[in-house]
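Participant: Before I ask anything, here is the structure I am working with.
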Amino acid sequence: EAQVTQNPRYLITVTGKKLTVTCSQNMNHEYMSWYRQDPGLGLRQIYYSMNVEVTDKGDVPEGYKVSRKEKRNFPLILESPSPNQTSLYFCASALRGEVHEKLFFGSGTQLSVL
Amino acid sequence: KNEVEQSPQNLTAQEGEFITINCSYSVGISALHWLQQHPGGGIVSLFMLSSGKKKHGRLIATINIQEKHSSLHITASHPRDSAVYICAPRSYNTDKLIFGTGTRLQVFP
């Protein structure tokens, strides 16, 4: 089954404790991206990757890191989380350039930073 | 002013009604996505448009590039259509997705 797998689903942590949210897709998509969703602000793009070893900043990259060493994986790293990073996070992938291009989203990670 | 404006913000309908959700944007775009987010939080991609019109079941999406406007129509609405619908144009210059804040639709039996 074509899917984007995101883990964990829920995460509670404390300020400053490094964490990684994993994202994996099984569709051989070149494009992957991370978003955060906050009430009243909607979805905002954090980072995206057009291919292996190619990553670019989105609109809100501060405080986040990503890596794309393999096509299927695109982890989101918070080196020193802060309470303002409490949010709902989504990973997505897509086969860009297709007439019927479609974004596939992971099920989301609800992160709370205390 | 937001780069993407959706209207209405909230919409209530009776089962069977025809629904229209509008999206206006101010930047040049290469494509536009319509997304659906159910109360559980999962996001599903409905359409990607770069011109014209697409139809899938009871859903129809149109885009007018010159007028910088897109619409999502739901024919014969059903309570299972209750969700937040999000418009997301892709900027031609930056290649980034810009998201609207969504339209919350509730369809009652």
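FYI, nothing fancy with the structure tokens labels: chains A, B, ... in order, residues from 1 per chain, ligands from 1 as they appear.
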Just need the residues of chain B within 9 Å of chain A, counting only C-alpha atoms, so spit them out as an MDAnalysis selection string.

Facilitator: chainID B and resid 33 35 41:50 86 96:102

Participant: Would you return as a ChimeraX atom specification the members of region 21-64 of chain A that DSSP assigns to strand (DSSP E or B) on this structure's backbone?

Facilitator: /A:21-25,31-38,42-51,54-57

Participant: Taking 3 positions as the minimum chain separation for residues in the same chain, which residues sit within 10 Å of Ile46 (chain A) when counting only C-alpha atoms? Answer as a list in words.

Facilitator: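 Near neighbours after the sequence-gap exclusion: Ser33, Trp34, Tyr35, Arg36, Leu43, Asp56, Lys57, Gly58, Asp59, Val60, Pro61, Glu62, Gly63, Tyr64, Lys65, Val66, Leu76, Tyr89, Phe90 and Cys91 of chain A.
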